[in-house]
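Participant: Got target_34.tsv for you, TSV, C-alpha atoms:
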chain	number	residue	atom	x	y	z
G	1336	MET	CA	123.17	-68.85	10.35
G	1337	ALA	CA	123.95	-68.28	6.66
G	1338	LYS	CA	126.32	-65.55	5.52
G	1339	VAL	CA	125.25	-63.24	2.71
G	1340	TYR	CA	127.99	-61.08	1.23
G	1341	ILE	CA	127.34	-57.48	0.25
G	1342	SER	CA	129.31	-55.17	-2.04
G	1343	ILE	CA	128.52	-51.46	-2.30
G	1344	ILE	CA	129.31	-49.16	-5.21
G	1345	GLY	CA	128.90	-45.45	-4.54
G	1346	ALA	CA	129.81	-43.51	-1.41
G	1347	GLY	CA	128.27	-40.11	-2.11
G	1348	GLY	CA	125.33	-38.67	-0.18
G	1349	VAL	CA	123.06	-41.72	-0.51
G	1350	GLY	CA	126.02	-44.09	-0.28
G	1351	ARG	CA	127.24	-42.62	3.00
G	1352	ALA	CA	123.76	-42.71	4.50
G	1353	PHE	CA	123.35	-46.32	3.36
G	1354	LEU	CA	126.66	-47.34	4.95
G	1355	ARG	CA	125.58	-45.82	8.28
G	1356	GLN	CA	122.23	-47.58	8.14
G	1357	LEU	CA	123.82	-50.86	7.09
G	1358	PHE	CA	126.24	-50.67	10.02
G	1359	ASN	CA	123.34	-50.17	12.44
G	1360	TYR	CA	121.28	-52.92	10.82
G	1361	ILE	CA	124.08	-55.48	11.11
G	1362	ALA	CA	124.77	-54.49	14.73
G	1363	SER	CA	121.12	-54.86	15.75
G	1364	ASN	CA	120.34	-58.09	13.83
G	1365	LYS	CA	123.07	-60.44	14.99
G	1366	SER	CA	120.60	-63.28	15.60
G	1367	ALA	CA	118.86	-62.97	12.21
G	1368	PRO	CA	118.74	-66.05	9.93
G	1369	HIS	CA	121.21	-64.35	7.57
G	1370	THR	CA	124.36	-62.47	8.50
G	1371	LEU	CA	125.34	-59.66	6.14
G	1372	VAL	CA	129.08	-59.57	5.46
G	1373	PRO	CA	130.37	-56.34	3.82
G	1374	ILE	CA	133.22	-57.29	1.50
G	1375	ALA	CA	133.72	-54.26	-0.76
G	1376	VAL	CA	132.96	-50.55	-0.84
G	1377	SER	CA	134.02	-48.43	-3.79
G	1378	ARG	CA	133.63	-45.02	-5.32
G	1379	SER	CA	134.87	-43.62	-8.62
G	1380	SER	CA	138.60	-43.81	-7.93
G	1381	LYS	CA	139.10	-45.74	-4.68
G	1382	ALA	CA	137.96	-48.97	-3.07
G	1383	VAL	CA	138.23	-51.05	0.08
G	1384	ILE	CA	138.11	-54.72	-0.88
G	1385	SER	CA	138.33	-57.84	1.28
G	1386	THR	CA	140.45	-60.28	-0.71
G	1387	ASP	CA	139.58	-63.20	1.57
G	1388	TYR	CA	135.88	-62.28	1.94
G	1389	SER	CA	136.18	-61.54	5.64
G	1390	PRO	CA	134.05	-58.58	6.76
G	1391	ILE	CA	135.45	-55.09	6.30
G	1392	PRO	CA	134.78	-52.74	9.26
G	1393	LEU	CA	131.97	-50.32	8.44
G	1394	SER	CA	132.64	-48.23	11.55
G	1395	SER	CA	135.64	-46.63	9.84
G	1396	ILE	CA	134.82	-47.29	6.20
G	1397	LEU	CA	134.73	-43.66	5.01
G	1398	GLU	CA	138.13	-42.92	6.57
G	1399	ASP	CA	139.51	-46.19	5.19
G	1400	LEU	CA	138.18	-45.31	1.76
G	1401	ASP	CA	139.85	-41.90	1.86
G	1402	LYS	CA	143.20	-43.50	2.75
G	1403	SER	CA	142.93	-46.38	0.30
G	1404	VAL	CA	145.26	-46.67	-2.67
G	1405	THR	CA	143.26	-49.57	-4.12
G	1406	LYS	CA	141.43	-48.92	-7.36
G	1407	PRO	CA	137.87	-50.16	-7.86
G	1408	LEU	CA	137.41	-53.48	-9.65
G	1409	ALA	CA	136.64	-53.09	-13.34
G	1410	VAL	CA	133.06	-53.71	-14.40
G	1411	PRO	CA	131.74	-56.04	-15.38
G	1412	ASP	CA	134.43	-58.74	-15.64
G	1413	GLU	CA	136.60	-58.19	-12.56
G	1414	THR	CA	133.62	-57.33	-10.37
G	1415	ILE	CA	131.59	-60.36	-11.46
G	1416	SER	CA	134.58	-62.69	-11.02
G	1417	TYR	CA	135.22	-61.35	-7.52
G	1418	LEU	CA	131.58	-61.57	-6.45
G	1419	LYS	CA	131.02	-65.03	-7.94
G	1420	ALA	CA	133.99	-66.34	-5.97
G	1421	ALA	CA	132.41	-65.35	-2.65
G	1422	PRO	CA	131.55	-68.37	-0.48
G	1423	GLY	CA	127.82	-67.62	-0.46
G	1424	GLU	CA	125.02	-65.49	-1.90
G	1425	VAL	CA	126.03	-61.96	-2.89
G	1426	ILE	CA	124.12	-58.67	-3.01
G	1427	LEU	CA	125.44	-55.80	-5.12
G	1428	VAL	CA	124.21	-52.38	-3.99
G	1429	ASP	CA	124.53	-49.72	-6.67
G	1430	ASN	CA	124.16	-46.32	-4.99
G	1431	THR	CA	125.16	-44.41	-8.13
G	1432	SER	CA	123.27	-42.92	-11.05
G	1433	ASP	CA	125.78	-44.40	-13.49
G	1434	GLU	CA	124.15	-45.37	-16.79
G	1435	THR	CA	126.97	-47.71	-17.83
G	1436	LEU	CA	126.77	-49.68	-14.59
G	1437	ALA	CA	122.98	-49.89	-14.91
G	1438	SER	CA	123.32	-51.27	-18.44
G	1439	LEU	CA	125.33	-54.18	-16.99
G	1440	TYR	CA	122.66	-55.35	-14.54
G	1441	PRO	CA	121.60	-58.26	-16.80
G	1442	GLN	CA	125.14	-59.66	-16.66
G	1443	PHE	CA	125.24	-59.51	-12.86
G	1444	LEU	CA	121.80	-61.07	-12.55
G	1445	LYS	CA	122.61	-63.88	-14.99
G	1446	ASN	CA	125.49	-64.78	-12.71
G	1447	GLY	CA	123.20	-65.07	-9.69
G	1448	ILE	CA	124.26	-61.75	-8.15
G	1449	HIS	CA	121.38	-59.91	-6.46
G	1450	ILE	CA	120.89	-56.16	-6.92
G	1451	ALA	CA	119.41	-53.43	-4.72
G	1452	THR	CA	119.59	-49.92	-6.15
G	1453	PRO	CA	118.12	-46.41	-6.34
G	1454	ASN	CA	119.62	-46.03	-9.85
G	1455	LYS	CA	116.74	-45.24	-12.21
G	1456	LYS	CA	118.72	-45.76	-15.40
G	1457	ALA	CA	118.21	-49.54	-15.80
G	1458	PHE	CA	114.47	-49.25	-15.32
G	1459	SER	CA	113.70	-46.06	-17.23
G	1460	SER	CA	116.00	-46.14	-20.24
G	1461	ASP	CA	115.22	-47.98	-23.47
G	1462	ILE	CA	112.64	-50.74	-22.98
G	1463	SER	CA	115.17	-53.31	-24.23
G	1464	LEU	CA	117.26	-52.83	-21.06
G	1465	TRP	CA	114.15	-53.24	-18.90
G	1466	ASP	CA	113.31	-56.47	-20.73
G	1467	SER	CA	116.83	-57.91	-20.49
G	1468	THR	CA	117.17	-56.96	-16.81
G	1469	PHE	CA	114.01	-58.77	-15.74
G	1470	ALA	CA	114.65	-61.67	-18.10
G	1471	ALA	CA	117.94	-62.23	-16.28
G	1472	ALA	CA	116.40	-61.83	-12.80
G	1473	ARG	CA	115.28	-64.73	-10.64
G	1474	GLY	CA	111.81	-66.04	-11.40
G	1475	PRO	CA	109.86	-69.25	-12.14
G	1476	GLN	CA	111.60	-69.58	-15.49
G	1477	ASN	CA	115.01	-68.57	-14.17
G	1478	PRO	CA	115.66	-70.00	-10.68
G	1479	ASN	CA	119.39	-69.25	-10.83
G	1480	GLY	CA	119.19	-65.55	-11.60
G	1481	GLY	CA	119.65	-62.81	-9.03
G	1482	PHE	CA	116.85	-60.91	-7.34
G	1483	VAL	CA	116.55	-57.24	-8.27
G	1484	PHE	CA	114.74	-54.56	-6.26
G	1485	HIS	CA	114.58	-50.83	-6.97
G	1486	GLU	CA	111.99	-49.33	-4.61
G	1487	ALA	CA	114.00	-46.13	-4.16
G	1488	THR	CA	113.94	-45.29	-7.88
G	1489	VAL	CA	110.54	-43.63	-7.33
G	1490	GLY	CA	109.79	-41.70	-4.16
G	1491	ALA	CA	113.03	-42.58	-2.32
G	1492	GLY	CA	111.93	-44.45	0.82
G	1493	LEU	CA	108.20	-44.08	0.18
G	1494	PRO	CA	106.42	-47.40	-0.55
G	1495	VAL	CA	105.44	-46.39	-4.06
G	1496	LEU	CA	106.60	-49.34	-6.19
G	1497	SER	CA	105.68	-51.93	-3.56
G	1498	THR	CA	102.18	-50.44	-3.34
G	1499	LEU	CA	101.78	-50.54	-7.11
G	1500	LYS	CA	103.07	-54.11	-7.31
G	1501	ASP	CA	100.63	-55.20	-4.60
G	1502	LEU	CA	97.74	-53.61	-6.46
G	1503	VAL	CA	98.68	-55.30	-9.73
G	1504	GLU	CA	99.58	-58.70	-8.29
G	1505	THR	CA	96.37	-58.94	-6.24
G	1506	GLY	CA	94.31	-58.33	-9.37
G	1507	ASP	CA	93.27	-54.71	-8.94
G	1508	LYS	CA	92.94	-52.70	-12.14
G	1509	VAL	CA	95.07	-49.55	-12.09
G	1510	ARG	CA	93.30	-46.88	-14.09
G	1511	LYS	CA	95.35	-43.76	-13.48
G	1512	ILE	CA	98.37	-42.55	-11.52
G	1513	GLU	CA	99.19	-38.91	-10.93
G	1514	GLY	CA	101.29	-36.95	-8.54
G	1515	VAL	CA	104.23	-34.76	-7.67
G	1516	PHE	CA	107.28	-36.98	-8.15
G	1517	SER	CA	110.09	-34.48	-7.66
G	1518	GLY	CA	111.12	-33.01	-4.33
G	1519	THR	CA	112.69	-30.15	-6.26
G	1520	MET	CA	109.53	-29.32	-8.21
G	1521	SER	CA	107.46	-29.73	-5.07
G	1522	PHE	CA	109.56	-27.19	-3.18
G	1523	LEU	CA	109.61	-24.76	-6.10
G	1524	PHE	CA	105.85	-24.58	-6.55
G	1525	ASN	CA	104.87	-24.94	-2.90
G	1526	THR	CA	107.05	-21.88	-2.31
G	1527	PHE	CA	106.16	-19.94	-5.46
G	1528	ALA	CA	102.41	-20.59	-5.32
G	1529	PRO	CA	101.52	-21.66	-1.77
G	1530	VAL	CA	97.95	-22.52	-0.83
G	1531	GLY	CA	96.57	-20.71	2.22
G	1532	SER	CA	99.05	-17.86	2.04
G	1533	SER	CA	100.49	-15.49	-0.52
G	1534	SER	CA	103.95	-15.19	-1.97
G	1535	ASN	CA	105.53	-12.29	-3.81
G	1536	ALA	CA	108.64	-14.28	-4.65
G	1537	LYS	CA	109.62	-14.43	-8.29
G	1538	PHE	CA	110.10	-17.86	-9.81
G	1539	SER	CA	113.77	-17.23	-10.55
G	1540	GLU	CA	114.32	-16.23	-6.90
G	1541	VAL	CA	112.71	-19.45	-5.72
G	1542	VAL	CA	114.97	-21.48	-8.03
G	1543	VAL	CA	118.06	-19.76	-6.58
G	1544	LYS	CA	116.80	-20.39	-3.05
G	1545	ALA	CA	116.18	-24.06	-3.84
G	1546	ARG	CA	119.68	-24.40	-5.28
G	1547	ASP	CA	121.22	-22.72	-2.23
G	1548	LEU	CA	119.31	-25.06	0.11
G	1549	GLY	CA	120.46	-28.11	-1.82
G	1550	TYR	CA	117.05	-29.00	-3.23
G	1551	THR	CA	118.28	-28.88	-6.83
G	1552	GLU	CA	121.20	-30.36	-8.68
G	1553	PRO	CA	124.25	-28.04	-8.89
G	1554	ASP	CA	122.85	-27.00	-12.27
G	1555	PRO	CA	119.08	-26.56	-11.73
G	1556	ARG	CA	118.44	-27.27	-15.39
G	1557	ASP	CA	118.94	-30.95	-14.56
G	1558	ASP	CA	115.73	-30.70	-12.51
G	1559	LEU	CA	113.83	-28.12	-14.54
G	1560	ASN	CA	114.02	-30.12	-17.77
G	1561	GLY	CA	111.52	-32.62	-16.33
G	1562	LEU	CA	113.50	-35.72	-17.33
G	1563	ASP	CA	113.85	-36.98	-13.75
G	1564	VAL	CA	110.06	-36.97	-13.38
G	1565	ALA	CA	109.71	-38.60	-16.79
G	1566	ARG	CA	112.01	-41.45	-15.73
G	1567	LYS	CA	109.87	-42.10	-12.66
G	1568	LEU	CA	106.68	-42.07	-14.76
G	1569	THR	CA	108.31	-44.51	-17.17
G	1570	ILE	CA	108.97	-46.96	-14.33
G	1571	LEU	CA	105.42	-46.66	-12.98
G	1572	ALA	CA	103.94	-47.01	-16.45
G	1573	ARG	CA	105.88	-50.19	-17.16
G	1574	LEU	CA	104.90	-51.74	-13.82
G	1575	SER	CA	101.28	-50.84	-14.65
G	1576	GLY	CA	101.47	-52.69	-17.96
G	1577	LEU	CA	102.21	-49.78	-20.30
G	1578	LEU	CA	105.37	-50.69	-22.18
G	1579	VAL	CA	106.65	-47.14	-22.62
G	1580	PRO	CA	109.61	-47.30	-25.04
G	1581	SER	CA	111.71	-44.62	-23.31
G	1582	PRO	CA	111.35	-41.60	-21.00
G	1583	THR	CA	111.40	-39.28	-24.00
G	1584	SER	CA	108.60	-41.06	-25.87
G	1585	PHE	CA	105.85	-38.91	-24.31
G	1586	PRO	CA	105.35	-35.16	-23.74
G	1587	ILE	CA	107.65	-33.54	-21.16
G	1588	GLN	CA	107.25	-29.84	-20.40
G	1589	SER	CA	110.63	-28.29	-19.71
G	1590	LEU	CA	110.71	-25.20	-17.51
G	1591	ILE	CA	113.99	-24.06	-19.06
G	1592	PRO	CA	113.46	-21.04	-21.33
G	1593	LYS	CA	114.66	-21.97	-24.81
G	1594	PRO	CA	117.39	-19.30	-25.02
G	1595	LEU	CA	118.87	-20.50	-21.71
G	1596	GLU	CA	119.17	-24.16	-22.66
G	1597	THR	CA	122.63	-23.49	-24.04
G	1598	ALA	CA	123.86	-21.26	-21.18
G	1599	ALA	CA	127.49	-22.19	-20.59
G	1600	THR	CA	127.22	-22.46	-16.80
G	1601	ALA	CA	124.63	-22.79	-14.06
G	1602	GLU	CA	125.39	-19.23	-12.96
G	1603	GLU	CA	124.80	-17.89	-16.45
G	1604	PHE	CA	121.50	-19.76	-16.53
G	1605	LEU	CA	120.39	-18.40	-13.14
G	1606	ASN	CA	121.44	-14.86	-14.02
G	1607	GLY	CA	119.22	-14.96	-17.11
G	1608	LEU	CA	116.23	-16.76	-15.61
G	1609	GLY	CA	114.76	-13.58	-14.13
G	1610	ASP	CA	114.08	-12.29	-17.65
G	1611	TYR	CA	111.35	-14.92	-17.96
G	1612	ASP	CA	109.62	-14.46	-14.59
G	1613	ALA	CA	106.62	-12.72	-16.15
G	1614	GLU	CA	105.53	-15.85	-18.00
G	1615	MET	CA	105.45	-17.97	-14.84
G	1616	GLU	CA	103.80	-15.15	-12.87
G	1617	ASN	CA	101.02	-14.95	-15.45
G	1618	LEU	CA	100.39	-18.69	-15.20
G	1619	LYS	CA	100.21	-18.41	-11.41
G	1620	LYS	CA	97.80	-15.45	-11.47
G	1621	ASP	CA	95.59	-17.06	-14.10
G	1622	ALA	CA	95.25	-20.17	-11.95
G	1623	GLU	CA	94.54	-18.10	-8.82
G	1624	SER	CA	91.80	-16.17	-10.62
G	1625	LYS	CA	89.99	-19.50	-11.08
G	1626	GLY	CA	90.48	-20.60	-7.48
G	1627	LYS	CA	93.28	-22.95	-8.48
G	1628	THR	CA	97.03	-23.28	-8.14
G	1629	ILE	CA	99.79	-24.58	-10.42
G	1630	ARG	CA	101.90	-27.65	-9.74
G	1631	TYR	CA	104.43	-29.67	-11.76
G	1632	VAL	CA	103.08	-33.19	-12.03
G	1633	GLY	CA	103.34	-36.49	-13.80
G	1634	LYS	CA	100.26	-38.32	-15.06
G	1635	LEU	CA	99.65	-41.67	-16.65
G	1636	ASP	CA	96.33	-43.06	-17.83
G	1637	VAL	CA	96.58	-46.83	-18.17
G	1638	GLU	CA	93.29	-47.14	-20.03
G	1639	THR	CA	94.19	-44.66	-22.79
G	1640	GLY	CA	97.96	-45.21	-22.67
G	1641	LYS	CA	98.59	-41.49	-22.22
G	1642	VAL	CA	101.65	-40.40	-20.22
G	1643	GLU	CA	102.65	-36.77	-19.69
G	1644	VAL	CA	104.81	-34.57	-17.48
G	1645	GLY	CA	104.37	-30.85	-16.95
G	1646	LEU	CA	102.46	-28.00	-15.33
G	1647	ASP	CA	98.79	-28.39	-14.44
G	1648	THR	CA	96.27	-26.53	-12.30
G	1649	PHE	CA	94.44	-27.96	-9.30
G	1650	ASP	CA	91.65	-26.79	-7.02
G	1651	THR	CA	93.12	-25.49	-3.79
G	1652	SER	CA	91.32	-28.31	-1.93
G	1653	HIS	CA	93.07	-30.99	-4.00
G	1654	PRO	CA	95.67	-33.10	-2.12
G	1655	ILE	CA	98.32	-32.18	-4.68
G	1656	ALA	CA	97.73	-28.47	-4.06
G	1657	GLY	CA	98.10	-28.87	-0.31
G	1658	LEU	CA	101.64	-30.27	-0.29
G	1659	ARG	CA	104.24	-28.63	1.91
G	1660	GLY	CA	108.01	-28.35	1.62
G	1661	SER	CA	109.57	-30.87	-0.75
G	1662	ASP	CA	107.09	-33.69	-0.16
G	1663	ASN	CA	106.01	-36.07	-2.89
G	1664	ILE	CA	102.47	-37.30	-3.38
G	1665	ILE	CA	101.42	-40.19	-5.60
G	1666	SER	CA	97.75	-40.99	-6.15
G	1667	PHE	CA	96.65	-44.40	-7.44
G	1668	TYR	CA	93.18	-44.53	-9.00
G	1669	THR	CA	92.06	-48.14	-9.31
G	1670	GLU	CA	88.96	-50.23	-9.80
G	1671	ARG	CA	88.84	-51.21	-6.13
G	1672	TYR	CA	89.49	-47.74	-4.72
G	1673	GLY	CA	87.11	-46.02	-7.13
G	1674	GLU	CA	87.14	-42.23	-7.19
G	1675	ARG	CA	88.90	-42.05	-3.82
G	1676	ALA	CA	92.55	-42.54	-4.68
G	1677	LEU	CA	95.01	-44.56	-2.64
G	1678	ILE	CA	97.57	-41.91	-1.72
G	1679	VAL	CA	101.24	-42.29	-0.78
G	1680	GLN	CA	102.69	-39.05	0.56
G	1681	GLY	CA	105.82	-37.91	2.34
G	1682	ALA	CA	109.47	-37.04	1.87
G	1683	GLY	CA	110.40	-38.29	-1.58
G	1684	ALA	CA	113.98	-37.06	-1.68
G	1685	GLY	CA	117.00	-36.92	0.59
G	1686	ALA	CA	119.93	-39.20	1.35
G	1687	ASP	CA	118.54	-40.78	4.52
G	1688	VAL	CA	115.12	-41.73	3.15
G	1689	THR	CA	116.61	-42.93	-0.14
G	1690	ALA	CA	119.13	-45.07	1.72
G	1691	MET	CA	116.29	-46.46	3.81
G	1692	GLY	CA	114.54	-47.58	0.62
G	1693	VAL	CA	117.71	-49.30	-0.58
G	1694	LEU	CA	118.28	-51.04	2.75
G	1695	GLY	CA	114.66	-52.12	2.69
G	1696	ASP	CA	115.35	-53.81	-0.66
G	1697	VAL	CA	118.41	-55.55	0.79
G	1698	ILE	CA	116.17	-56.91	3.54
G	1699	LYS	CA	113.63	-58.10	0.94
G	1700	ILE	CA	116.38	-60.04	-0.78
G	1701	LEU	CA	117.46	-61.61	2.53
G	1702	GLN	CA	113.86	-62.66	3.21
G	1703	ARG	CA	113.74	-64.48	-0.11
G	1704	LEU	CA	116.97	-66.42	0.35
G	1705	LYS	CA	116.86	-69.88	1.86
Could you rewrite the structure in this file as structure tokens?
Facilitator:
Amino acid sequence: MAKVYISIIGAGGVGRAFLRQLFNYIASNKSAPHTLVPIAVSRSSKAVISTDYSPIPLSSILEDLDKSVTKPLAVPDETISYLKAAPGEVILVDNTSDETLASLYPQFLKNGIHIATPNKKAFSSDISLWDSTFAAARGPQNPNGGFVFHEATVGAGLPVLSTLKDLVETGDKVRKIEGVFSGTMSFLFNTFAPVGSSSNAKFSEVVVKARDLGYTEPDPRDDLNGLDVARKLTILARLSGLLVPSPTSFPIQSLIPKPLETAATAEEFLNGLGDYDAEMENLKKDAESKGKTIRYVGKLDVETGKVEVGLDTFDTSHPIAGLRGSDNIISFYTERYGERALIVQGAGAGADVTAMGVLGDVIKILQRLK
């Protein structure tokens, strides 16, 4: 039974959920071909590190992390040195959204360190980082690189990337992908413009409700600017063969009124958002007068190379219009599936489902190790 060592960076919402799931996975897979050995867990200012590479106890890891006076290893040099010295294969789990850490993935991979992550930054920033990351990863031309998996970067635990990869690798021709890629945007418009019932709620009120329920970032502008959706579209486009230069290289419709972009605080932004409710109400009523509804979607057309993010209208019978809650829906239109799209739908946000996607990637890595 081979030991595979695992180091985790990030112990926030997703990180905590991942640690719980990892603990349960290890406990229930004691006879598996590979034994996972947790050797380090760190967050921004504290870390628990096994200096002799013996397993650290996950049952009390959050309490141990709170009490720890150990600082995290510096990246990349100290972290790479520590992980390379482990007496076996090593998986680095990055449960952060840190852009600097993501930019260092090529260095980890070149040193044979495997990566599982929900961090979108390495896969949706400038195309040069995408290229260098996968050039450093294990493949036919690079048998000593590390494996890298990032299923949870799009759709959390939904099998979005794996579905797309299967379509492409089996020779299907992807023509178009469209969908609702943001749990936040899904909740906002399913609440503001529900199908099958009416709503008198103003858009600004729905944004406040979403923030209070935890569906948005602390500053809702980080969701309403559309960049999160654009990053996910960038990843899907690249996997489909469209080498999109960056997530800002195509049209993104921001739902932040121009005068509020520079609001000093989230509260100032929310207090002023009601002044612009009429514009969104008019869009909603115009769509309803045509038997349609509005949704915030991402679209990419592989054949024309067009990628866009923003508001669009859909017939009330369309699958996108019928979403509930904060669900995501991603429709793949391909040569094999014709006009009837292959649809992946379900919870596309939340700590537990995101952590599940990350753990699933850890398991994929284990399955590929000898």
Participant: From the set G:Leu1578, G:Leu1605, G:Ile1344, G:Ala1684, which residue has the shortest atom-to-atom contact distance to Ser1463 (chain G), counting all atoms listed in the file?
Facilitator: G:Leu1578
Participant: Near Gly1695 (chain G), counting all atoms listed in the file, which residues have an atom at most 10 Å away, once you skip same-chain residues fewer than 5 positions from it, shown as a list of chain:residue names?
Facilitator: G:Ala1451, G:Phe1484, G:His1485, G:Glu1486, G:Ala1487, G:Gly1492, G:Thr1689, G:Ala1690, G:Ile1700, G:Leu1701
Participant: Considering only C-alpha atoms, state which residue in the set G:Ser1459, G:Thr1414, G:Ser1380, G:Thr1505 is at the smallest distance from Pro1580 (chain G).
Facilitator: G:Ser1459
Participant: State, in Å with one decimal place, the distance from CA of Val1688 (chain G) to CA of Asn1359 (chain G).
Facilitator: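 Between CA of Val1688 (chain G) and CA of Asn1359 (chain G) the gap is 15.0 Å.
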Participant: G:Lys1402, G:Arg1473, G:Arg1556, G:Lys1567: which is nearest Glu1603 (chain G), counting all atoms listed in the file?
Facilitator: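 Distance minimum relative to Glu1603 (chain G) lands on G:Arg1556.
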Participant: Check the smallest atom-to-atom distance from each of G:Glu1434, G:Asp1662, G:Asp1647, G:Glu1638 to Ser1517 (chain G) using all atoms listed in the file, then report the winner.
Facilitator: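 The closest residue to Ser1517 (chain G) is G:Asp1662.
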Participant: Mind checking which residues fall within 9 Å of region 1526-1543 of chain G, counting only C-alpha atoms, ignoring those fewer than 6 positions away in the same chain, and posting them as a PyMOL selection string?
Facilitator: chain G and resi 1551+1555+1605-1613+1615-1616+1619+1623+1627-1630+1651-1652+1656-1660
Participant: Residues near Pro1368 (chain G), anyone? I mean within 10 Å using only C-alpha atoms, not counting same-chain ones fewer than 5 positions away, as a ChimeraX atom specification.
Facilitator: /G:1336-1338,1701-1702,1704-1705
Participant: Provide an axis-aligned box for all listed atoms of region 1528-1538 of chain G, padding each side by 8 Å; report its centre and its edge lengths in Å to one decimal, as JSON.
Facilitator:
{"center_x": 103.3, "center_y": -17.4, "center_z": -3.8, "size_x": 29.5, "size_y": 26.2, "size_z": 28.0}
Participant: For a quick check of understanding, using only C-alpha atoms, which of G:Phe1522, G:Phe1443, G:Tyr1417, G:Phe1469 has the smallest distance to Asp1429 (chain G)?
Facilitator: G:Phe1443
Participant: Which polymer residues, whether protein, DNA or RNA, lie within 10 Å of the coordinate (119.2, -43.0, 2.9) when you count all atoms listed in the file? List them as a PyMOL selection string, using the chain letters and numbers from the file.
Facilitator: chain G and resi 1348-1356+1430+1453+1487+1491-1492+1684-1694
Participant: Need the shell around Ala1375 (chain G): protein/DNA/RNA residues with any atom at most 6 Å away, counting only C-alpha atoms. Skip same-chain ones fewer than 3 positions apart. Format as a list in words?
Facilitator: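 Returned residues: Ser1342, Val1383 and Ile1384 of chain G.
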Participant: What is the CA of Ser1467 (chain G)-CA of Val1509 (chain G) distance in Å, reported with one decimal?
Facilitator: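 CA of Ser1467 (chain G) sits 24.8 Å away from CA of Val1509 (chain G).
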Participant: Return the single residue from G:Val1404, G:Ala1565, G:Val1425, G:Leu1559 that is closest to Leu1371 (chain G), with distances computed using only C-alpha atoms.
Facilitator: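 Among G:Val1404, G:Ala1565, G:Val1425, G:Leu1559, it is G:Val1425 that comes nearest to Leu1371 (chain G).
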Participant: For CA of Ile1587 (chain G) and CA of Glu1643 (chain G), quote the distance in Å rounded to one decimal.
Facilitator: 6.1 Å
Participant: Can you give me N, CA and C atoms for region 1395-1409 of chain G, written as a short mmCIF file (atom, residue, chain, number, x, y, z; two decimals), in the frame of the given file?
Facilitator:
data_model
loop_
_atom_site.label_atom_id
_atom_site.label_comp_id
_atom_site.auth_asym_id
_atom_site.auth_seq_id
_atom_site.Cartn_x
_atom_site.Cartn_y
_atom_site.Cartn_z
N SER G 1395 134.62 -47.57 10.31
CA SER G 1395 135.64 -46.63 9.84
C SER G 1395 135.75 -46.61 8.32
N ILE G 1396 134.70 -47.06 7.64
CA ILE G 1396 134.82 -47.29 6.20
C ILE G 1396 135.10 -46.01 5.41
N LEU G 1397 134.51 -44.88 5.79
CA LEU G 1397 134.73 -43.66 5.01
C LEU G 1397 136.17 -43.18 5.15
N GLU G 1398 136.72 -43.29 6.37
CA GLU G 1398 138.13 -42.92 6.57
C GLU G 1398 139.04 -43.90 5.82
N ASP G 1399 138.70 -45.19 5.89
CA ASP G 1399 139.51 -46.19 5.19
C ASP G 1399 139.47 -45.97 3.68
N LEU G 1400 138.32 -45.56 3.20
CA LEU G 1400 138.18 -45.31 1.76
C LEU G 1400 139.02 -44.12 1.34
N ASP G 1401 139.03 -43.09 2.16
CA ASP G 1401 139.85 -41.90 1.86
C ASP G 1401 141.34 -42.24 1.79
N LYS G 1402 141.78 -43.14 2.69
CA LYS G 1402 143.20 -43.50 2.75
C LYS G 1402 143.60 -44.55 1.72
N SER G 1403 142.63 -45.23 1.17
CA SER G 1403 142.93 -46.38 0.30
C SER G 1403 143.69 -45.98 -0.96
N VAL G 1404 144.58 -46.85 -1.39
CA VAL G 1404 145.26 -46.67 -2.67
C VAL G 1404 144.80 -47.75 -3.66
N THR G 1405 143.80 -48.51 -3.26
CA THR G 1405 143.26 -49.57 -4.12
C THR G 1405 142.26 -49.00 -5.09
N LYS G 1406 142.37 -49.37 -6.35
CA LYS G 1406 141.43 -48.92 -7.36
C LYS G 1406 140.21 -49.83 -7.38
N PRO G 1407 139.05 -49.31 -7.78
CA PRO G 1407 137.87 -50.16 -7.86
C PRO G 1407 138.06 -51.28 -8.89
N LEU G 1408 137.39 -52.39 -8.68
CA LEU G 1408 137.41 -53.48 -9.65
C LEU G 1408 136.73 -53.02 -10.94
N ALA G 1409 137.25 -53.44 -12.06
CA ALA G 1409 136.64 -53.09 -13.34
C ALA G 1409 135.28 -53.78 -13.47
#
